[in-house]
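So this one's start-v2.cif, mmCIF, C-alpha atoms:
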```cif
data_upload
loop_
_atom_site.group_PDB
_atom_site.id
_atom_site.type_symbol
_atom_site.label_atom_id
_atom_site.label_comp_id
_atom_site.auth_asym_id
_atom_site.auth_seq_id
_atom_site.Cartn_x
_atom_site.Cartn_y
_atom_site.Cartn_z
ATOM 1 C CA MET Q 224 -9.665 2.488 31.364
ATOM 2 C CA ARG Q 225 -6.146 1.506 32.372
ATOM 3 C CA LEU Q 226 -5.380 0.528 28.771
ATOM 4 C CA LEU Q 227 -6.674 3.923 27.623
ATOM 5 C CA THR Q 228 -4.458 5.628 30.209
ATOM 6 C CA PHE Q 229 -1.450 3.671 28.964
ATOM 7 C CA ILE Q 230 -2.186 4.499 25.311
ATOM 8 C CA LEU Q 231 -2.617 8.195 26.149
ATOM 9 C CA LEU Q 232 0.570 8.145 28.182
ATOM 10 C CA ALA Q 233 2.482 6.394 25.398
ATOM 11 C CA SER Q 234 1.297 8.925 22.822
ATOM 12 C CA LEU Q 235 2.243 11.915 24.998
ATOM 13 C CA THR Q 236 5.592 10.560 26.126
ATOM 14 C CA SER Q 237 8.024 11.051 23.286
ATOM 15 C CA PHE Q 238 11.056 12.031 25.333
ATOM 16 C CA VAL Q 239 12.053 8.612 26.581
ATOM 17 C CA LYS Q 240 15.600 7.476 27.122
ATOM 18 C CA GLY Q 241 17.456 7.302 23.839
ATOM 19 C CA GLN Q 242 15.350 9.908 22.008
ATOM 20 C CA ASP Q 243 16.475 13.444 21.309
ATOM 21 C CA GLN Q 244 13.359 15.628 20.994
ATOM 22 C CA PRO Q 245 11.258 16.496 24.047
ATOM 23 C CA GLN Q 246 7.483 16.712 23.961
ATOM 24 C CA ALA Q 247 5.983 20.002 25.156
ATOM 25 C CA TYR Q 248 4.760 18.218 28.290
ATOM 26 C CA ILE Q 249 3.935 14.789 29.671
ATOM 27 C CA LEU Q 250 0.556 14.143 31.275
ATOM 28 C CA LYS Q 251 -0.227 11.371 33.745
ATOM 29 C CA SER Q 252 -3.598 11.114 35.481
ATOM 30 C CA ILE Q 253 -4.257 9.315 38.756
ATOM 31 C CA TYR Q 254 -7.907 8.260 39.249
ATOM 32 C CA PHE Q 255 -9.720 7.908 42.575
ATOM 33 C CA GLY Q 256 -12.836 6.243 43.898
ATOM 34 C CA GLY Q 257 -15.684 8.412 45.123
ATOM 35 C CA GLY Q 258 -14.724 10.225 48.325
ATOM 36 C CA SER Q 259 -11.218 8.713 48.271
ATOM 37 C CA TYR Q 260 -7.757 10.184 48.103
ATOM 38 C CA ALA Q 261 -5.893 6.870 48.308
ATOM 39 C CA ILE Q 262 -3.562 6.013 45.428
ATOM 40 C CA ASP Q 263 -3.644 2.302 44.654
ATOM 41 C CA GLU Q 264 -0.422 0.392 44.053
ATOM 42 C CA TYR Q 265 -1.210 -0.229 40.367
ATOM 43 C CA GLN Q 266 -1.399 3.497 39.648
ATOM 44 C CA PHE Q 267 1.698 4.181 41.744
ATOM 45 C CA ASP Q 268 3.565 1.515 39.761
ATOM 46 C CA GLU Q 269 2.468 3.214 36.521
ATOM 47 C CA LEU Q 270 3.759 6.531 37.845
ATOM 48 C CA LYS Q 271 7.086 4.936 38.808
ATOM 49 C CA HIS Q 272 7.321 3.375 35.329
ATOM 50 C CA LEU Q 273 6.776 6.772 33.709
ATOM 51 C CA VAL Q 274 9.388 8.416 35.917
ATOM 52 C CA ASP Q 275 11.881 5.657 35.119
ATOM 53 C CA SER Q 276 11.215 5.810 31.369
ATOM 54 C CA VAL Q 277 11.650 9.528 30.745
ATOM 55 C CA LYS Q 278 15.187 10.836 30.356
ATOM 56 C CA ASP Q 279 16.098 13.517 32.922
ATOM 57 C CA ILE Q 280 12.543 13.665 34.326
ATOM 58 C CA ARG Q 281 13.783 14.906 37.662
ATOM 59 C CA ASP Q 282 14.873 18.061 35.828
ATOM 60 C CA TYR Q 283 11.232 18.763 34.895
ATOM 61 C CA THR Q 284 8.895 21.069 36.755
ATOM 62 C CA ILE Q 285 5.579 19.548 37.776
ATOM 63 C CA THR Q 286 2.099 20.984 37.941
ATOM 64 C CA ILE Q 287 -0.564 19.081 39.880
ATOM 65 C CA HIS Q 288 -4.231 19.707 38.976
ATOM 66 C CA SER Q 289 -6.587 17.999 41.415
ATOM 67 C CA HIS Q 290 -10.274 17.482 40.678
ATOM 68 C CA THR Q 291 -13.450 15.942 42.082
ATOM 69 C CA ASP Q 292 -16.878 15.149 40.739
ATOM 70 C CA ASN Q 293 -19.876 17.206 41.870
ATOM 71 C CA ILE Q 294 -21.191 14.767 44.490
ATOM 72 C CA GLY Q 295 -21.139 16.376 47.942
ATOM 73 C CA GLY Q 296 -20.856 20.022 48.851
ATOM 74 C CA ALA Q 297 -18.379 22.520 47.451
ATOM 75 C CA ALA Q 298 -16.443 22.763 50.744
ATOM 76 C CA TYR Q 299 -16.107 18.976 50.998
ATOM 77 C CA ASN Q 300 -14.955 18.714 47.384
ATOM 78 C CA GLU Q 301 -12.418 21.496 47.917
ATOM 79 C CA TRP Q 302 -10.992 19.546 50.883
ATOM 80 C CA LEU Q 303 -11.042 16.278 48.920
ATOM 81 C CA SER Q 304 -9.304 17.916 45.974
ATOM 82 C CA GLN Q 305 -6.584 19.230 48.303
ATOM 83 C CA MET Q 306 -6.142 15.791 49.864
ATOM 84 C CA ARG Q 307 -5.838 14.140 46.433
ATOM 85 C CA GLY Q 308 -3.234 16.658 45.309
ATOM 86 C CA ASP Q 309 -1.292 16.239 48.558
ATOM 87 C CA ALA Q 310 -1.370 12.427 48.190
ATOM 88 C CA VAL Q 311 0.153 12.684 44.709
ATOM 89 C CA ILE Q 312 2.800 15.140 45.909
ATOM 90 C CA GLU Q 313 3.695 12.746 48.737
ATOM 91 C CA ARG Q 314 4.281 9.986 46.172
ATOM 92 C CA LEU Q 315 6.367 12.284 43.954
ATOM 93 C CA LEU Q 316 8.524 13.263 46.936
ATOM 94 C CA PHE Q 317 8.961 9.554 47.660
ATOM 95 C CA LEU Q 318 10.272 9.227 44.071
ATOM 96 C CA ASP Q 319 12.974 11.829 44.868
ATOM 97 C CA PHE Q 320 11.403 14.903 43.327
ATOM 98 C CA LYS Q 321 11.972 18.142 45.239
ATOM 99 C CA SER Q 322 9.065 20.129 46.650
ATOM 100 C CA ASN Q 323 10.256 23.282 44.869
ATOM 101 C CA GLN Q 324 9.711 21.501 41.525
ATOM 102 C CA ILE Q 325 5.998 21.020 42.211
ATOM 103 C CA GLU Q 326 3.128 23.483 41.900
ATOM 104 C CA LYS Q 327 -0.387 22.440 42.933
ATOM 105 C CA ARG Q 328 -3.758 23.757 41.815
ATOM 106 C CA ASP Q 329 -6.870 22.365 43.491
ATOM 107 C CA PHE Q 330 -9.969 22.764 41.332
ATOM 108 C CA GLY Q 331 -12.405 20.687 43.381
ATOM 109 C CA GLN Q 332 -15.693 20.335 41.529
ATOM 110 C CA PHE Q 333 -15.278 23.625 39.635
ATOM 111 C CA ASN Q 334 -13.421 22.742 36.464
ATOM 112 C CA PRO Q 335 -14.903 19.494 35.186
ATOM 113 C CA VAL Q 336 -13.536 18.213 31.925
ATOM 114 C CA TYR Q 337 -16.174 15.487 31.714
ATOM 115 C CA ASP Q 338 -19.957 15.571 32.131
ATOM 116 C CA ASN Q 339 -20.839 15.297 35.832
ATOM 117 C CA ASN Q 340 -24.398 14.328 34.860
ATOM 118 C CA THR Q 341 -23.215 10.829 33.924
ATOM 119 C CA TRP Q 342 -21.604 8.086 36.010
ATOM 120 C CA GLU Q 343 -18.704 7.797 33.557
ATOM 121 C CA GLY Q 344 -18.109 11.556 33.539
ATOM 122 C CA ARG Q 345 -18.069 11.727 37.338
ATOM 123 C CA ARG Q 346 -15.648 8.770 37.457
ATOM 124 C CA ARG Q 347 -13.274 10.497 35.021
ATOM 125 C CA ASN Q 348 -13.450 13.811 36.922
ATOM 126 C CA ARG Q 349 -12.220 12.137 40.140
ATOM 127 C CA ARG Q 350 -8.549 12.525 39.281
ATOM 128 C CA VAL Q 351 -5.284 14.345 39.676
ATOM 129 C CA ASP Q 352 -3.472 15.341 36.501
ATOM 130 C CA ILE Q 353 0.308 15.371 36.836
ATOM 131 C CA ILE Q 354 1.872 17.544 34.153
ATOM 132 C CA PHE Q 355 5.625 17.301 33.668
ATOM 133 C CA TRP Q 356 7.113 20.373 31.968
ATOM 134 C CA PRO Q 357 10.668 20.130 30.616
ATOM 135 C CA VAL Q 358 12.953 22.877 31.849
ATOM 136 C CA VAL Q 359 14.403 24.712 28.882
ATOM 137 C CA MET Q 360 17.972 25.889 29.444
#
```
Any chance you could give the structure as structure tokens?
Amino acid sequence: MRLLTFILLASLTSFVKGQDQPQAYILKSIYFGGGSYAIDEYQFDELKHLVDSVKDIRDYTITIHSHTDNIGGAAYNEWLSQMRGDAVIERLLFLDFKSNQIEKRDFGQFNPVYDNNTWEGRRRNRRVDIIFWPVVM
């Protein structure tokens, strides 16, 4: 899965230092264990690597989309989604982004991209998508 994340990231990230044309956006997903909102060091290191590799990334606006699987009640998953989004924002602030650059949308269990009837689908729905949008001047 981590290799797939890296390949996806590499294919979406065309605006790295030394290149002239920006991609429409850059997507990075952080995955979580069931019931967890802790970001492991490996994923944080990947996020830092992305931030360091993209030219002028601190000039981007950021949208956070937080998700859960469908295990547990709707209220619990709404809370968990909020906690996951907040954990990612905390890490972005640590990387010197400004809070006014970041917009957060918590979807909880109500916008699954993957099939929540399978173990793999539930695992892939437990994530926060970080979308970096270049600011056009």
Residues picked by the PyMOL selection byres ((chain Q and resi 337-354) around 6) here, as a ChimeraX atom specification?
/Q:249-255,285-292,335-336,355
Which of Q:Asp279, Q:Glu326, Q:Asp309, Q:Asp319 sits closest to Pro357 of chain Q [using all atoms listed in the file]
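Residue with the minimum atom-to-atom distance to Pro357 of chain Q: Q:Asp279.
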Kindly give the distance, in Å, that separates atom CA of Gly308 of chain Q and atom CA of Lys327 of chain Q, rounded to a single decimal.
6.9 Å
Nearest to Ala297 of chain Q, restricted to only C-alpha atoms and choosing among Q:Thr284, Q:Gln332, Q:Ser322, Q:Ser276, comes out as Q:Gln332
Neighbour list for Val358 of chain Q as a list in words, cut-off 12 Å, only C-alpha atoms, skip fewer than 6 positions in-chain
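Contacts, with the query itself left out: Pro245, Gln246, Ala247, Tyr248, Asp279, Ile280, Arg281, Asp282, Tyr283, Thr284, Ile285 and Gln324 of chain Q.
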Can you measure atom CA of Lys271 of chain Q to atom CA of Lys321 of chain Q for me? One decimal in Å is fine.
15.5 Å
Quick one: distance from atom CA of Arg307 of chain Q to atom CA of Tyr260 of chain Q in Å, one decimal?
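About the pair atom CA of Arg307 of chain Q and atom CA of Tyr260 of chain Q: they are 4.7 Å apart.
Minimum atom-to-atom distances from Q:Ser304, Q:Val311, Q:Leu316, Q:Asn293 to Asp329 of chain Q were compared using only C-alpha atoms, and the lowest value belongs to Q:Ser304.
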